[in-house]
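*Asks:* Can you keep this structure in mind? I'll have questions shortly.
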Amino acid sequence: MVARHGVTVNPRASRRPRGFSLVEVLVAVVVSAVGFAAVFALQIRTMQGNISAREQAAAMVLAESGLETLRTESYRWRSDALPVGLLSAAPRQWHTLTEQPVDHTGLPLNSAAIPGSELNRQRFCVHYWLEPLDGTFSQLLNLRVRVVWPRSTNDVGGLAAMCTEIGAVAFVPRNPDSVQRWNSITLPGALRMRE
């Protein structure tokens, strides 16, 4: 032992190389792997959440567009005539507004030369419901527009059948099979007869 400036120094200890033991290296690797796995899982969840939010926003736009289409039809409904066009459909029953799957802009497959994957673009069906009111409100129609799309971006099987009149009537949002396979939103509205 050598004393320098009041501090005792062991000359052999300062010359000996210091490194990491195998156990320390393994612990560092395991901690890093767990951390990276958590970051990757968080990234995947974030991407799934973004996809879901984008689809919900697109479905809301389609539902609002469907309401606007029905409002446009109501301009032809006069007090001296029965409802016409889409408004003449059977009351208190779901009907299809899009007879084939549409994309987020409401365009059906092969309707325009828009680039994009057919699997990912054509994923929505739009349905509507009409209910005539009576009495004081006999000049009003209660309506709902529903947009349905598959939960999985890779599972579009059965979507074409969902867009038919039969599919519109058969779809039950609270059915456990429907909940597992389909997303849906419904917007309410009302139409007034034009004088």
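Ligands are numbered from 1 in the order shown, residues from 1 within each chain, and chains are lettered A, B, ... in the order they appear in the structure tokens.
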Please extract the residues of region 32-187 of chain A with a backbone DSSP assignment of helix (DSSP H, G or I) and present them as JSON, numbers by chain.
*Replies:* {"A": [32, 33, 34, 35, 36, 37, 38, 39, 40, 41, 42, 43, 44, 45, 46, 47, 48, 49, 50, 51, 52, 53, 54, 55, 56, 57, 58, 59, 60, 61, 62, 63, 64, 65, 66, 67, 68, 69, 70, 71, 72, 73, 74, 85, 86, 87, 88, 118, 119, 120, 121, 135, 136, 137, 159, 160, 161, 162, 165, 166, 167, 168, 169, 170, 176, 177, 178, 179, 180, 181]}
*Asks:* Under the rule that only C-alpha atoms are counted, which of A:Gly66, A:Gly85, A:Pro176, A:Pro108 is the nearest residue to Arg144 (chain A)?
*Replies:*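 Nearest candidate to Arg144 (chain A) out of A:Gly66, A:Gly85, A:Pro176, A:Pro108: A:Gly66.
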*Asks:* Work out how far apart CA of Thr46 (chain A) and CA of Arg151 (chain A) are and give it in Å to one decimal.
*Replies:*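 Taking CA of Thr46 (chain A) and CA of Arg151 (chain A), their separation equals 16.1 Å.
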*Asks:* If you measure from CA of Gln100 (chain A) to CA of Arg174 (chain A), what distance in Å do you get, rounded to one decimal?
*Replies:*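 CA of Arg174 (chain A) lies at a distance of 23.0 Å from CA of Gln100 (chain A).
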*Asks:* Which residue out of A:Arg54, A:His127, A:Arg45, A:Arg92 has the minimum interatomic distance to Val145 (chain A) when only C-alpha atoms are used?
*Replies:*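 Closest to Val145 (chain A) of all the choices is A:His127.
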*Asks:* Neighbouring residues of Phe124 (chain A) were defined as those with any atom within 6 Å, considering only C-alpha atoms; residues of the same chain fewer than 3 positions away were excluded. Please report them as JSON, numbers by chain.
*Replies:* {"A": [101, 102, 148, 149]}
*Asks:* For the selection you just gave me, I'd like the residues written to a file as a PDB file, in the first residue's frame, keeping N, CA and C atoms.
*Replies:*
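The new file out_9.pdb reads:
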ATOM      1  N   PRO A 101     -70.227  -2.874 -51.123  1.00  0.00           N
ATOM      2  CA  PRO A 101     -69.310  -2.189 -50.210  1.00  0.00           C
ATOM      3  C   PRO A 101     -68.740  -0.915 -50.827  1.00  0.00           C
ATOM      4  N   VAL A 102     -68.571   0.096 -49.990  1.00  0.00           N
ATOM      5  CA  VAL A 102     -68.022   1.378 -50.438  1.00  0.00           C
ATOM      6  C   VAL A 102     -66.790   1.723 -49.605  1.00  0.00           C
ATOM      7  N   VAL A 148     -71.903  -0.007 -41.232  1.00  0.00           N
ATOM      8  CA  VAL A 148     -71.367  -1.267 -40.716  1.00  0.00           C
ATOM      9  C   VAL A 148     -70.055  -1.546 -41.434  1.00  0.00           C
ATOM     10  N   TRP A 149     -69.051  -1.999 -40.685  1.00  0.00           N
ATOM     11  CA  TRP A 149     -67.775  -2.396 -41.289  1.00  0.00           C
ATOM     12  C   TRP A 149     -67.130  -3.482 -40.429  1.00  0.00           C
TER      13      TRP A 149
END
*Asks:* Record the distance separating CA of Leu67 (chain A) and CA of Thr164 (chain A), expressed in Å with one decimal.
*Replies:* 18.6 Å
